[in-house]
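Working notes, beginning with the structure itself.
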Amino acid sequence: MIKSKAPGRRFVIYIIGLFIMTMGIALSVKSNLGVPPVSSIPYTITCVFGIEMGNATILFHAFLVLLQIILLRKNFKVINLLQIVVGVVFGKFTTLCNYLAGMLPAVDNMVIRIIFVLISTILVAVGIFFYLPANIMPLAGEGAMQAVSQITKIEFSKVKIGFDVTMVVISLTVCLIALHTMGSVGAGTIVSAFLVGFNLGAINKKFGAWRDKLLCVNA
């Protein structure tokens with residue numbers, strides 16, 4: 001079992017990881033080439049209903065916690081209601097980072113927009129690299145995936161692929177029907193789906209031991 005002797009440090013690194021993730025998401029929004037799958041539905045809610053993206057993110061996380069309750073029923077752990085609190089933090093970070101990204105000049109140059117997408121995938125990967133091993137409380141998306149994996153006995157990695165694809169398909173369908181555009185889905189969404197995992201693997205391989213030492217993690 002993996003344990004950490006520094007819960008305070010873990011918490012700080014966890015919050016930093018969440019913030020870095022939202023920085024990446026904000027850059028993907030700024031690129032206007034499509035957001036990562038994890039944010040496709042919140043951004044679709046923003047595009048279709050005009051709800052600020054941070055608030056849409058909070059609503060989506062609350063829905064995912066409700067989904068876990070429905071799926072797991074008596075096996076749902078009350079402590080996982082804290083995922084709503086994490087969703088609020090994540091949503092407020094999203095609002096802040098979108099505001100900061102909005103200070104950047106408007107970008108029409110496709111090369112710069114692509115660079116934004118690539119930087120976005122790195123930031124999201126770095127955020128996950130820090131937030132997940134801190135092992136405090138998963139985001140509601142991961143909690144929902146774990147719930148599906150638990151009741152279907154399908155391994156988590158396969159559930160994640162299906163979950164991401166489902167969110168993108170729902171987002172694309174809603175945007176096409178309501179807006180007659182691809183909305184939150186674009187080339188950047190596809191790039192993110194592939195590169196975030198690749199970047200995370202590379203970062204973990206190079207800096208994982210340093211991160212674990214920073215977290216005071218011992219086997």
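Within each chain, counting starts at residue 1; across the structure tokens, chains are named A, B, ... in the order shown, with ligands numbered 1 upward in that order.
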
Practice prompt. Write out as number ranges by chain which residues come within 8 Å of segment 46-63 of chain A when counting only C-alpha atoms, dropping same-chain ones fewer than 2 positions away.
Written response: A: 39, 41-44, 65-67, 83-84, 87-88, 90-95, 139-141, 175, 178-179, 183-184

Worksheet item: Which residues in segment 5-219 of chain A does DSSP call helix (DSSP H, G or I)? List them as JSON, numbers by chain.
Response: {"A": [7, 8, 9, 10, 11, 12, 13, 14, 15, 16, 17, 18, 19, 20, 21, 22, 23, 24, 25, 26, 27, 28, 29, 30, 31, 37, 38, 39, 40, 41, 42, 43, 44, 45, 46, 47, 48, 49, 53, 54, 55, 56, 57, 58, 59, 60, 61, 62, 63, 64, 65, 66, 67, 68, 69, 70, 71, 72, 73, 74, 75, 78, 79, 80, 81, 82, 83, 84, 85, 86, 87, 88, 89, 90, 91, 92, 93, 94, 95, 96, 97, 98, 99, 100, 101, 102, 110, 111, 112, 113, 114, 115, 116, 117, 118, 119, 120, 121, 122, 123, 124, 125, 126, 127, 128, 129, 130, 131, 140, 141, 142, 143, 144, 145, 146, 147, 148, 149, 150, 151, 152, 156, 157, 158, 159, 160, 161, 162, 163, 164, 165, 166, 167, 168, 169, 170, 171, 172, 173, 174, 175, 176, 177, 178, 187, 188, 189, 190, 191, 192, 193, 194, 195, 196, 197, 198, 199, 200, 201, 202, 203, 204, 205, 206, 207, 208, 209, 210, 211, 212, 213, 214]}

Discussion item. Report as number ranges by chain all protein, DNA and RNA residues lying within 9 Å of Ile25 of chain A, evaluated on only C-alpha atoms, omitting residues in the same chain fewer than 3 positions from it.
Written reply: A: 20-22, 28-30, 35-36, 39, 94, 97-98, 120-121, 123-124

Taking all heavy atoms for each residue, export the selection above as a compact mmCIF listing (two decimals), in the first residue's frame.
```
# COMPACT_ATOMS: atom_id res chain seq x y z
N ILE A 20 -3.24 23.82 -12.58
CA ILE A 20 -2.50 23.67 -13.83
C ILE A 20 -3.39 23.03 -14.90
O ILE A 20 -3.35 23.42 -16.07
CB ILE A 20 -1.22 22.84 -13.62
CG1 ILE A 20 -0.24 23.62 -12.74
CG2 ILE A 20 -0.56 22.50 -14.95
CD1 ILE A 20 0.99 22.83 -12.34
N MET A 21 -4.22 22.06 -14.49
CA MET A 21 -5.15 21.45 -15.44
C MET A 21 -6.09 22.49 -16.04
O MET A 21 -6.33 22.51 -17.25
CB MET A 21 -5.98 20.37 -14.75
CG MET A 21 -5.27 19.05 -14.53
SD MET A 21 -6.36 17.85 -13.72
CE MET A 21 -7.59 17.59 -15.01
N THR A 22 -6.63 23.36 -15.20
CA THR A 22 -7.57 24.36 -15.70
C THR A 22 -6.86 25.40 -16.57
O THR A 22 -7.48 25.95 -17.49
CB THR A 22 -8.32 25.07 -14.55
OG1 THR A 22 -7.39 25.67 -13.65
CG2 THR A 22 -9.19 24.08 -13.79
N SER A 28 -6.95 25.77 -24.29
CA SER A 28 -7.65 25.06 -25.37
C SER A 28 -8.89 25.85 -25.81
O SER A 28 -9.22 25.90 -26.99
CB SER A 28 -8.04 23.65 -24.93
OG SER A 28 -9.08 23.67 -23.96
N VAL A 29 -9.57 26.47 -24.83
CA VAL A 29 -10.72 27.33 -25.16
C VAL A 29 -10.25 28.52 -25.99
O VAL A 29 -10.88 28.88 -27.00
CB VAL A 29 -11.42 27.81 -23.87
CG1 VAL A 29 -12.49 28.86 -24.22
CG2 VAL A 29 -12.05 26.64 -23.14
N LYS A 30 -9.13 29.11 -25.59
CA LYS A 30 -8.58 30.27 -26.30
C LYS A 30 -8.20 29.92 -27.73
O LYS A 30 -8.35 30.74 -28.64
CB LYS A 30 -7.36 30.79 -25.55
CG LYS A 30 -6.77 32.08 -26.11
CD LYS A 30 -7.70 33.24 -25.89
CE LYS A 30 -7.10 34.55 -26.39
NZ LYS A 30 -7.99 35.70 -26.17
N VAL A 35 -11.99 21.76 -27.15
CA VAL A 35 -11.48 21.56 -25.80
C VAL A 35 -11.23 20.08 -25.55
O VAL A 35 -11.75 19.22 -26.27
CB VAL A 35 -12.45 22.12 -24.75
CG1 VAL A 35 -12.64 23.61 -24.94
CG2 VAL A 35 -13.80 21.40 -24.81
N PRO A 36 -10.45 19.73 -24.50
CA PRO A 36 -10.24 18.32 -24.16
C PRO A 36 -11.57 17.62 -23.85
O PRO A 36 -12.53 18.27 -23.42
CB PRO A 36 -9.35 18.39 -22.91
CG PRO A 36 -8.67 19.71 -23.00
CD PRO A 36 -9.67 20.63 -23.63
N SER A 39 -13.68 18.38 -20.72
CA SER A 39 -14.39 19.66 -20.60
C SER A 39 -15.37 19.89 -21.74
O SER A 39 -15.94 20.99 -21.84
CB SER A 39 -13.38 20.81 -20.56
OG SER A 39 -12.60 20.75 -19.39
N THR A 94 -11.49 27.23 -13.25
CA THR A 94 -11.81 27.36 -14.68
C THR A 94 -12.20 28.79 -15.02
O THR A 94 -11.74 29.37 -16.01
CB THR A 94 -12.96 26.40 -15.06
OG1 THR A 94 -12.55 25.04 -14.83
CG2 THR A 94 -13.34 26.57 -16.53
N CYS A 97 -8.98 30.96 -14.78
CA CYS A 97 -8.02 30.72 -15.87
C CYS A 97 -8.57 31.20 -17.22
O CYS A 97 -7.82 31.69 -18.07
CB CYS A 97 -7.64 29.25 -15.93
SG CYS A 97 -6.60 28.73 -14.55
N ASN A 98 -9.88 31.06 -17.43
CA ASN A 98 -10.47 31.60 -18.65
C ASN A 98 -10.35 33.12 -18.68
O ASN A 98 -10.13 33.72 -19.73
CB ASN A 98 -11.95 31.19 -18.76
CG ASN A 98 -12.12 29.78 -19.30
OD1 ASN A 98 -11.24 29.25 -19.98
ND2 ASN A 98 -13.25 29.17 -19.02
N SER A 120 -1.59 23.31 -24.24
CA SER A 120 -2.72 22.88 -23.42
C SER A 120 -2.59 21.41 -23.03
O SER A 120 -2.81 21.05 -21.87
CB SER A 120 -4.03 23.09 -24.19
OG SER A 120 -5.10 22.41 -23.58
N THR A 121 -2.22 20.55 -23.97
CA THR A 121 -2.09 19.12 -23.66
C THR A 121 -0.98 18.87 -22.64
O THR A 121 -1.10 17.98 -21.80
CB THR A 121 -1.81 18.29 -24.93
OG1 THR A 121 -0.52 18.63 -25.48
CG2 THR A 121 -2.88 18.53 -25.99
N LEU A 123 0.00 21.09 -20.28
CA LEU A 123 -0.45 21.59 -18.99
C LEU A 123 -1.46 20.64 -18.35
O LEU A 123 -1.40 20.38 -17.14
CB LEU A 123 -1.08 22.98 -19.16
CG LEU A 123 -0.10 24.12 -19.47
CD1 LEU A 123 -0.87 25.41 -19.75
CD2 LEU A 123 0.89 24.31 -18.34
N VAL A 124 -2.39 20.11 -19.15
CA VAL A 124 -3.36 19.15 -18.59
C VAL A 124 -2.63 17.92 -18.07
O VAL A 124 -2.93 17.41 -16.98
CB VAL A 124 -4.42 18.77 -19.65
CG1 VAL A 124 -5.29 17.63 -19.14
CG2 VAL A 124 -5.28 19.97 -20.00
```

Fill in: Which residue of A:Met23, A:Leu132, A:Leu104, A:Met137 approaches Ile79 of chain A most closely, using only C-alpha atoms
A:Met137

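Note that atom CA of Gly188 of chain A and atom CA of Gly162 of chain A are 18.5 Å apart.
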
Fill in: Atomic separation - atom CA of His180 of chain A relative to atom CA of Pro37 of chain A, Å
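A separation of 19.5 Å between them.
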
For segment 70-73 of chain A, work out the shell of residues within 12 Å, counting only C-alpha atoms and skipping chain neighbours fewer than 3 positions away, then give it as a short mmCIF file (atom, residue, chain, number, x, y, z; two decimals) with N, CA, C and O atoms, in the first residue's frame.
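The resulting file, selection-v8.cif, is reproduced below:
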```cif
data_model
loop_
_atom_site.label_atom_id
_atom_site.label_comp_id
_atom_site.auth_asym_id
_atom_site.auth_seq_id
_atom_site.Cartn_x
_atom_site.Cartn_y
_atom_site.Cartn_z
N PHE A 63 -23.73 16.57 -11.37
CA PHE A 63 -24.47 15.53 -12.10
C PHE A 63 -23.72 14.20 -12.05
O PHE A 63 -24.32 13.14 -11.86
N LEU A 64 -22.40 14.26 -12.21
CA LEU A 64 -21.61 13.02 -12.22
C LEU A 64 -21.61 12.35 -10.85
O LEU A 64 -21.57 11.12 -10.75
N VAL A 65 -21.65 13.15 -9.78
CA VAL A 65 -21.76 12.57 -8.43
C VAL A 65 -23.12 11.91 -8.28
O VAL A 65 -23.23 10.80 -7.72
N LEU A 66 -24.18 12.56 -8.77
CA LEU A 66 -25.52 11.96 -8.73
C LEU A 66 -25.54 10.65 -9.52
O LEU A 66 -26.15 9.67 -9.09
N LEU A 67 -24.85 10.63 -10.65
CA LEU A 67 -24.77 9.40 -11.45
C LEU A 67 -24.11 8.28 -10.66
O LEU A 67 -24.55 7.12 -10.70
N PHE A 76 -22.29 3.38 -2.56
CA PHE A 76 -21.72 4.72 -2.69
C PHE A 76 -21.23 5.19 -1.32
O PHE A 76 -21.96 5.12 -0.33
N LYS A 77 -20.01 5.68 -1.27
CA LYS A 77 -19.43 6.14 -0.01
C LYS A 77 -19.72 7.63 0.18
O LYS A 77 -19.46 8.44 -0.72
N VAL A 78 -20.25 7.98 1.34
CA VAL A 78 -20.66 9.35 1.61
C VAL A 78 -19.50 10.33 1.43
O VAL A 78 -19.69 11.46 0.97
N ASN A 80 -17.46 10.48 -0.80
CA ASN A 80 -17.31 10.87 -2.19
C ASN A 80 -18.19 12.06 -2.57
O ASN A 80 -18.06 12.60 -3.67
N GLY A 143 -14.42 9.66 -10.71
CA GLY A 143 -15.27 8.91 -9.78
C GLY A 143 -16.36 8.16 -10.52
O GLY A 143 -16.65 7.00 -10.20
N ALA A 144 -16.96 8.81 -11.53
CA ALA A 144 -18.00 8.16 -12.32
C ALA A 144 -17.42 6.99 -13.12
O ALA A 144 -18.05 5.92 -13.23
N MET A 145 -16.23 7.17 -13.66
CA MET A 145 -15.58 6.09 -14.42
C MET A 145 -15.29 4.90 -13.51
O MET A 145 -15.47 3.74 -13.90
N GLN A 146 -14.83 5.19 -12.30
CA GLN A 146 -14.55 4.12 -11.35
C GLN A 146 -15.83 3.37 -10.99
O GLN A 146 -15.82 2.15 -10.84
N ALA A 147 -16.95 4.11 -10.87
CA ALA A 147 -18.23 3.49 -10.54
C ALA A 147 -18.67 2.57 -11.67
O ALA A 147 -19.12 1.43 -11.43
N VAL A 148 -18.54 3.03 -12.90
CA VAL A 148 -18.90 2.20 -14.06
C VAL A 148 -18.02 0.96 -14.12
O VAL A 148 -18.50 -0.16 -14.36
N SER A 149 -16.72 1.16 -13.89
CA SER A 149 -15.80 0.03 -13.90
C SER A 149 -16.15 -0.98 -12.81
O SER A 149 -16.08 -2.20 -13.03
N GLN A 150 -16.56 -0.47 -11.65
CA GLN A 150 -16.89 -1.34 -10.52
C GLN A 150 -18.11 -2.21 -10.80
O GLN A 150 -18.12 -3.41 -10.49
N ILE A 151 -19.14 -1.64 -11.42
CA ILE A 151 -20.38 -2.41 -11.61
C ILE A 151 -20.36 -3.24 -12.89
O ILE A 151 -21.07 -4.24 -12.98
N THR A 152 -19.53 -2.86 -13.86
CA THR A 152 -19.47 -3.62 -15.12
C THR A 152 -18.31 -4.60 -15.15
O THR A 152 -18.26 -5.47 -16.02
#
```

Practice prompt. Have a look at A:Leu27, A:Ala125, A:Phe130, A:Leu82 and name the one nearest to Gly102 of chain A; count only C-alpha atoms.
Written response: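 Residue with the minimum atom-to-atom distance to Gly102 of chain A: A:Leu27.
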
Item to complete: Rounded to one decimal place, report the atom CA of Tyr14 of chain A-atom CA of Cys216 of chain A distance in Å.
Response: 13.5 Å

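Between Gly34 of chain A and the residues A:Leu215, A:Gly127, A:Phe116, A:Val165, the shortest atom-to-atom distance, using only C-alpha atoms, involves A:Phe116.
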